[in-house]
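Quick notes on the structure that follows.
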Amino acid sequence: MANITLKGNAISTKGELPTIGSELKNFTLVNDKLEDKNLNDYKGKKLIFNIFPSIDTGVCAASARKFNQEASSVENTIILNVSKDLPFALGRFCAAEGLDQVETLSDFRGSFGDDFGVTIENGPLAGLMSRAIIVTNEEGKVIYTEQVPEITQEPDYEKALNAVK
């Protein structure tokens with residue numbers, strides 16, 4: 001369980017982020033075309049999972065924009081924005097913002113949040129996902145993680161991007 005805060009108030013997640021060096025678990029997430037996406041769809045690619053509560057908040061939107069802007073600076077890497085938002089809302093946001101360098105995926109009907117230790121278990125955001133980063137290499141091994149300690153803070157983009165350079 002990760003102890004984090006939301007505007008200074010203590011909240012926690014179910015479980016912990018994957019450990020560095022571990023194999024990434026398989027997952028099923030849904031894209032804006034309602035297609036299931038899983039680990040096999042990204043075989044041979046480095047992955048940066050930008051996990052957040054909802055695209056409809058300022059910090060979450062900012063992180064999606066920032067990773068889209070930085071995506072071209074990392075080779076053989078796919079950046080996945082992941083939340084519990086419906087695929088339609090995620091697709092609408094990306095289209096309106098011109099985000100075409102990242103993939104945005106929904107866990108609205110899956111167990112990604114629980115499986116990766118990011119489901120918030122208490123407080124006003126209970127059931128959504130915490131702000132976290134998981135980075136894997138081409139072999140699917142976890143090489144970097146960050147559980148952002150305060151939900152209203154942005155992740156450390158530089159460390160996440162440097163992990164795949």
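In the structure tokens, chains take the letters A, B, ... in the order shown, each chain's residues start at 1, and ligands count up from 1 in the order shown.
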
Taking a cut-off of 10 Å and counting only C-alpha atoms, can you build a table that, for each residue of region 83-116 of chain A near region 52-55 of chain A, reports the nearest atom pair and how far apart they are in Å (one decimal), sorted by chain then residue number, as JSON lines?
{"residue": "A:Ser83", "atom": "CA", "partner": "A:Phe52", "partner_atom": "CA", "distance": 5.4}
{"residue": "A:Lys84", "atom": "CA", "partner": "A:Ser54", "partner_atom": "CA", "distance": 6.9}
{"residue": "A:Asp85", "atom": "CA", "partner": "A:Ser54", "partner_atom": "CA", "distance": 5.9}
{"residue": "A:Leu86", "atom": "CA", "partner": "A:Ser54", "partner_atom": "CA", "distance": 9.5}
{"residue": "A:Ala89", "atom": "CA", "partner": "A:Ile55", "partner_atom": "CA", "distance": 8.0}
{"residue": "A:Leu90", "atom": "CA", "partner": "A:Ile55", "partner_atom": "CA", "distance": 6.8}
{"residue": "A:Phe93", "atom": "CA", "partner": "A:Ile55", "partner_atom": "CA", "distance": 7.6}
{"residue": "A:Cys94", "atom": "CA", "partner": "A:Ile55", "partner_atom": "CA", "distance": 9.6}
{"residue": "A:Thr104", "atom": "CA", "partner": "A:Ile55", "partner_atom": "CA", "distance": 9.8}

Take the residues just selected and output them with N, CA and C atoms as a JSON list (two decimals), in the first residue's frame.
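Result file follows (part-v3.json):
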[["chain", "number", "residue", "atom", "x", "y", "z"],
["A", 83, "SER", "N", -6.01, 5.77, -17.48],
["A", 83, "SER", "CA", -6.90, 6.21, -16.41],
["A", 83, "SER", "C", -8.17, 5.36, -16.44],
["A", 84, "LYS", "N", -9.08, 5.65, -15.52],
["A", 84, "LYS", "CA", -10.39, 4.98, -15.50],
["A", 84, "LYS", "C", -11.41, 5.73, -16.35],
["A", 85, "ASP", "N", -11.01, 6.86, -16.95],
["A", 85, "ASP", "CA", -11.93, 7.61, -17.81],
["A", 85, "ASP", "C", -12.47, 6.72, -18.91],
["A", 86, "LEU", "N", -13.66, 7.02, -19.37],
["A", 86, "LEU", "CA", -14.21, 6.28, -20.50],
["A", 86, "LEU", "C", -13.38, 6.55, -21.75],
["A", 89, "ALA", "N", -14.18, 9.84, -23.65],
["A", 89, "ALA", "CA", -13.66, 11.08, -23.07],
["A", 89, "ALA", "C", -12.17, 11.23, -23.37],
["A", 90, "LEU", "N", -11.44, 10.13, -23.26],
["A", 90, "LEU", "CA", -10.01, 10.17, -23.55],
["A", 90, "LEU", "C", -9.76, 10.52, -25.02],
["A", 93, "PHE", "N", -10.56, 14.23, -25.68],
["A", 93, "PHE", "CA", -9.51, 15.11, -25.17],
["A", 93, "PHE", "C", -8.31, 15.11, -26.10],
["A", 94, "CYS", "N", -7.86, 13.93, -26.50],
["A", 94, "CYS", "CA", -6.68, 13.83, -27.37],
["A", 94, "CYS", "C", -6.94, 14.50, -28.72],
["A", 104, "THR", "N", -3.77, 6.69, -25.51],
["A", 104, "THR", "CA", -4.54, 6.90, -24.29],
["A", 104, "THR", "C", -5.48, 5.71, -24.12]]

**Study point:** Shell around Ser111 (chain A) at 12 Å using only C-alpha atoms, local window under 3 positions removed, as a VMD selection string
**Key:** chain A and resid 14 25 to 30 83 to 84 106 to 108 114 to 119 127 to 129

Review point. Using only C-alpha atoms, which of the listed residues (A:Glu138, A:Asp32, A:Glu146, A:Asp56) sits closest to Ile20 (chain A)?
Key: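 Nearest to Ile20 (chain A): A:Glu146.
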
- alpha helix (DSSP H) positions in region 7-161 of chain A, given as number ranges by chain: A: 58-70, 87-97, 112-115, 157-161

From CA of Asn31 (chain A) to CA of Leu161 (chain A) the spacing works out at 22.9 Å

### Message
Ranking A:Asp156, A:Arg131, A:Ile78, A:Lys7 by minimum distance to Ile48 (chain A) and counting only C-alpha atoms, which one comes first?
### Response
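Of all the options, A:Ile78 lies closest to Ile48 (chain A).
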
For the atom pair CA of Leu24 (chain A) and CA of Ser73 (chain A), what is the interatomic distance in Å to one decimal place?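 Taking CA of Leu24 (chain A) as the start and CA of Ser73 (chain A) as the end point, the length is 23.4 Å.
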
Rank A:Thr57, A:Asn122, A:Asn162, A:Asn3 by their smallest atom-to-atom distance to Leu17 (chain A), using only C-alpha atoms, and report the top residue only.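 Smallest distance to Leu17 (chain A) is found for A:Asn3.
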
7 Å contact set for Met1 (chain A), only C-alpha atoms, chain neighbours under 5 positions out, as an MDAnalysis selection string: chainID A and resid 12:16

Which residue of A:Val59, A:Ile143, A:Val102, A:Ala95 approaches Leu80 (chain A) most closely, using only C-alpha atoms:
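For Leu80 (chain A), the nearest of the candidates is A:Val102.
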
Using only C-alpha atoms, can you tell me which of A:Gly58, A:Val148, A:Val142, A:Ala163 comes closest to Thr19 (chain A)?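 Between A:Gly58, A:Val148, A:Val142, A:Ala163, the residue approaching Thr19 (chain A) most closely is A:Val142.
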
Check your understanding: Quick one: residues within 12 Å of Gly98 (chain A), only C-alpha atoms counted, chain neighbours fewer than 5 positions away excluded, as a list in words?
Key ->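 After dropping sequence-adjacent residues, the list is Ala64, Arg65, Asn68, Gln69, Leu90, Gly91, Arg92, Phe93 and Glu103 of chain A.
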
Considering only C-alpha atoms, can you say which of A:Gly123, A:Glu139, A:Ile133, A:Gln153 comes closest to Ile11 (chain A)?
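Of the candidates, the smallest distance to Ile11 (chain A) is held by A:Gly123.
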
Test item: residues at most 9 Å from Tyr157 (chain A), only C-alpha atoms, excluding those fewer than 2 positions along its chain, as a PyMOL selection string: chain A and resi 63+66-67+70+154-155+159-162

Atom-to-atom span, CA of Gln147 (chain A) and CA of Ala126 (chain A), Å: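 Separation of CA of Gln147 (chain A) and CA of Ala126 (chain A): 16.2 Å.
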
*Please identify all polymer residues within 10 Å of Tyr42 (chain A), counting only C-alpha atoms, omitting same-chain residues fewer than 4 positions from it, and present them as a count of residues only.*
8

Which of chain A counts as strand (DSSP E) under DSSP, as an mmCIF file with N, CA and C atoms, in the first residue's frame please?
data_model
loop_
_atom_site.group_PDB
_atom_site.id
_atom_site.type_symbol
_atom_site.label_atom_id
_atom_site.label_comp_id
_atom_site.auth_asym_id
_atom_site.auth_seq_id
_atom_site.Cartn_x
_atom_site.Cartn_y
_atom_site.Cartn_z
ATOM 1 N N ASN A 3 1.217 5.202 0.636
ATOM 2 C CA ASN A 3 0.590 6.306 1.342
ATOM 3 C C ASN A 3 0.917 7.583 0.601
ATOM 4 N N ILE A 4 -0.124 8.205 0.073
ATOM 5 C CA ILE A 4 0.030 9.423 -0.710
ATOM 6 C C ILE A 4 -0.943 10.461 -0.154
ATOM 7 N N THR A 5 -0.954 11.643 -0.753
ATOM 8 C CA THR A 5 -1.883 12.674 -0.292
ATOM 9 C C THR A 5 -2.639 13.274 -1.467
ATOM 10 N N LEU A 6 -3.791 13.833 -1.134
ATOM 11 C CA LEU A 6 -4.601 14.612 -2.060
ATOM 12 C C LEU A 6 -4.835 15.946 -1.382
ATOM 13 N N ASN A 9 -4.189 15.775 2.299
ATOM 14 C CA ASN A 9 -4.950 14.795 3.075
ATOM 15 C C ASN A 9 -4.511 13.385 2.706
ATOM 16 N N ALA A 10 -4.249 12.576 3.718
ATOM 17 C CA ALA A 10 -3.737 11.220 3.507
ATOM 18 C C ALA A 10 -4.767 10.338 2.805
ATOM 19 N N ILE A 11 -4.288 9.622 1.786
ATOM 20 C CA ILE A 11 -5.049 8.573 1.112
ATOM 21 C C ILE A 11 -4.077 7.436 0.830
ATOM 22 N N SER A 12 -4.577 6.309 0.376
ATOM 23 C CA SER A 12 -3.682 5.181 0.104
ATOM 24 C C SER A 12 -4.157 4.416 -1.122
ATOM 25 N N THR A 28 -5.112 -5.730 -19.753
ATOM 26 C CA THR A 28 -6.056 -5.432 -20.820
ATOM 27 C C THR A 28 -6.619 -4.051 -20.548
ATOM 28 N N LEU A 29 -6.387 -3.143 -21.487
ATOM 29 C CA LEU A 29 -6.913 -1.785 -21.436
ATOM 30 C C LEU A 29 -7.673 -1.540 -22.729
ATOM 31 N N VAL A 30 -8.461 -0.480 -22.784
ATOM 32 C CA VAL A 30 -9.327 -0.228 -23.934
ATOM 33 C C VAL A 30 -8.960 1.114 -24.569
ATOM 34 N N ASP A 36 -9.490 -3.804 -27.293
ATOM 35 C CA ASP A 36 -8.646 -4.227 -26.177
ATOM 36 C C ASP A 36 -7.184 -4.159 -26.592
ATOM 37 N N LYS A 37 -6.358 -3.670 -25.697
ATOM 38 C CA LYS A 37 -4.911 -3.615 -25.907
ATOM 39 C C LYS A 37 -4.264 -4.339 -24.735
ATOM 40 N N ASN A 38 -3.241 -5.151 -25.029
ATOM 41 C CA ASN A 38 -2.535 -5.854 -23.953
ATOM 42 C C ASN A 38 -1.039 -5.818 -24.215
ATOM 43 N N LYS A 46 9.816 -0.211 -25.748
ATOM 44 C CA LYS A 46 9.894 0.327 -24.396
ATOM 45 C C LYS A 46 8.564 1.031 -24.133
ATOM 46 N N LEU A 47 8.101 0.966 -22.898
ATOM 47 C CA LEU A 47 6.808 1.568 -22.554
ATOM 48 C C LEU A 47 6.962 2.532 -21.391
ATOM 49 N N ILE A 48 6.289 3.655 -21.489
ATOM 50 C CA ILE A 48 6.133 4.571 -20.362
ATOM 51 C C ILE A 48 4.641 4.658 -20.083
ATOM 52 N N PHE A 49 4.228 4.165 -18.924
ATOM 53 C CA PHE A 49 2.842 4.276 -18.496
ATOM 54 C C PHE A 49 2.704 5.556 -17.674
ATOM 55 N N ASN A 50 1.933 6.503 -18.178
ATOM 56 C CA ASN A 50 1.601 7.730 -17.471
ATOM 57 C C ASN A 50 0.203 7.510 -16.892
ATOM 58 N N ILE A 51 0.146 7.151 -15.625
ATOM 59 C CA ILE A 51 -1.103 6.754 -14.970
ATOM 60 C C ILE A 51 -1.622 7.936 -14.158
ATOM 61 N N THR A 77 9.907 3.733 -28.247
ATOM 62 C CA THR A 77 9.168 3.874 -26.995
ATOM 63 C C THR A 77 7.745 4.324 -27.279
ATOM 64 N N ILE A 78 6.803 3.712 -26.593
ATOM 65 C CA ILE A 78 5.406 4.114 -26.687
ATOM 66 C C ILE A 78 4.990 4.634 -25.317
ATOM 67 N N ILE A 79 4.373 5.802 -25.323
ATOM 68 C CA ILE A 79 3.871 6.391 -24.081
ATOM 69 C C ILE A 79 2.376 6.122 -24.010
ATOM 70 N N LEU A 80 1.972 5.493 -22.912
ATOM 71 C CA LEU A 80 0.578 5.123 -22.704
ATOM 72 C C LEU A 80 0.006 5.934 -21.551
ATOM 73 N N ASN A 81 -0.983 6.765 -21.828
ATOM 74 C CA ASN A 81 -1.724 7.468 -20.790
ATOM 75 C C ASN A 81 -2.832 6.536 -20.326
ATOM 76 N N VAL A 82 -2.910 6.274 -19.029
ATOM 77 C CA VAL A 82 -3.861 5.295 -18.522
ATOM 78 C C VAL A 82 -4.679 5.897 -17.382
ATOM 79 N N SER A 83 -6.005 5.768 -17.484
ATOM 80 C CA SER A 83 -6.902 6.207 -16.413
ATOM 81 C C SER A 83 -8.173 5.360 -16.441
ATOM 82 N N GLU A 103 -0.537 7.118 -26.777
ATOM 83 C CA GLU A 103 -1.784 6.347 -26.791
ATOM 84 C C GLU A 103 -2.471 6.563 -25.458
ATOM 85 N N THR A 104 -3.773 6.691 -25.507
ATOM 86 C CA THR A 104 -4.536 6.896 -24.287
ATOM 87 C C THR A 104 -5.475 5.714 -24.123
ATOM 88 N N LEU A 105 -5.360 5.056 -22.969
ATOM 89 C CA LEU A 105 -6.076 3.808 -22.729
ATOM 90 C C LEU A 105 -6.886 3.878 -21.441
ATOM 91 N N SER A 106 -8.014 3.191 -21.445
ATOM 92 C CA SER A 106 -8.922 3.185 -20.308
ATOM 93 C C SER A 106 -8.932 1.838 -19.592
ATOM 94 N N ALA A 132 1.018 7.948 -11.180
ATOM 95 C CA ALA A 132 2.208 7.101 -11.111
ATOM 96 C C ALA A 132 2.794 6.927 -12.504
ATOM 97 N N ILE A 133 4.044 6.520 -12.526
ATOM 98 C CA ILE A 133 4.756 6.222 -13.768
ATOM 99 C C ILE A 133 5.360 4.825 -13.633
ATOM 100 N N ILE A 134 5.218 4.025 -14.671
ATOM 101 C CA ILE A 134 5.893 2.733 -14.769
ATOM 102 C C ILE A 134 6.578 2.713 -16.133
ATOM 103 N N VAL A 135 7.872 2.387 -16.152
ATOM 104 C CA VAL A 135 8.633 2.335 -17.397
ATOM 105 C C VAL A 135 9.208 0.934 -17.551
ATOM 106 N N THR A 136 9.105 0.385 -18.767
ATOM 107 C CA THR A 136 9.667 -0.932 -19.048
ATOM 108 C C THR A 136 10.648 -0.846 -20.222
ATOM 109 N N VAL A 142 10.491 -4.064 -15.760
ATOM 110 C CA VAL A 142 10.285 -2.749 -15.165
ATOM 111 C C VAL A 142 11.647 -2.140 -14.858
ATOM 112 N N ILE A 143 11.892 -0.923 -15.391
ATOM 113 C CA ILE A 143 13.189 -0.270 -15.198
ATOM 114 C C ILE A 143 13.082 1.028 -14.400
ATOM 115 N N TYR A 144 11.865 1.528 -14.209
ATOM 116 C CA TYR A 144 11.678 2.758 -13.427
ATOM 117 C C TYR A 144 10.225 2.835 -12.984
ATOM 118 N N THR A 145 10.007 3.303 -11.762
ATOM 119 C CA THR A 145 8.653 3.588 -11.294
ATOM 120 C C THR A 145 8.675 4.864 -10.466
ATOM 121 N N GLU A 146 7.545 5.512 -10.432
ATOM 122 C CA GLU A 146 7.359 6.659 -9.554
ATOM 123 C C GLU A 146 5.914 6.677 -9.081
ATOM 124 N N GLN A 147 5.727 6.641 -7.788
ATOM 125 C CA GLN A 147 4.410 6.888 -7.201
ATOM 126 C C GLN A 147 4.449 8.343 -6.758
#
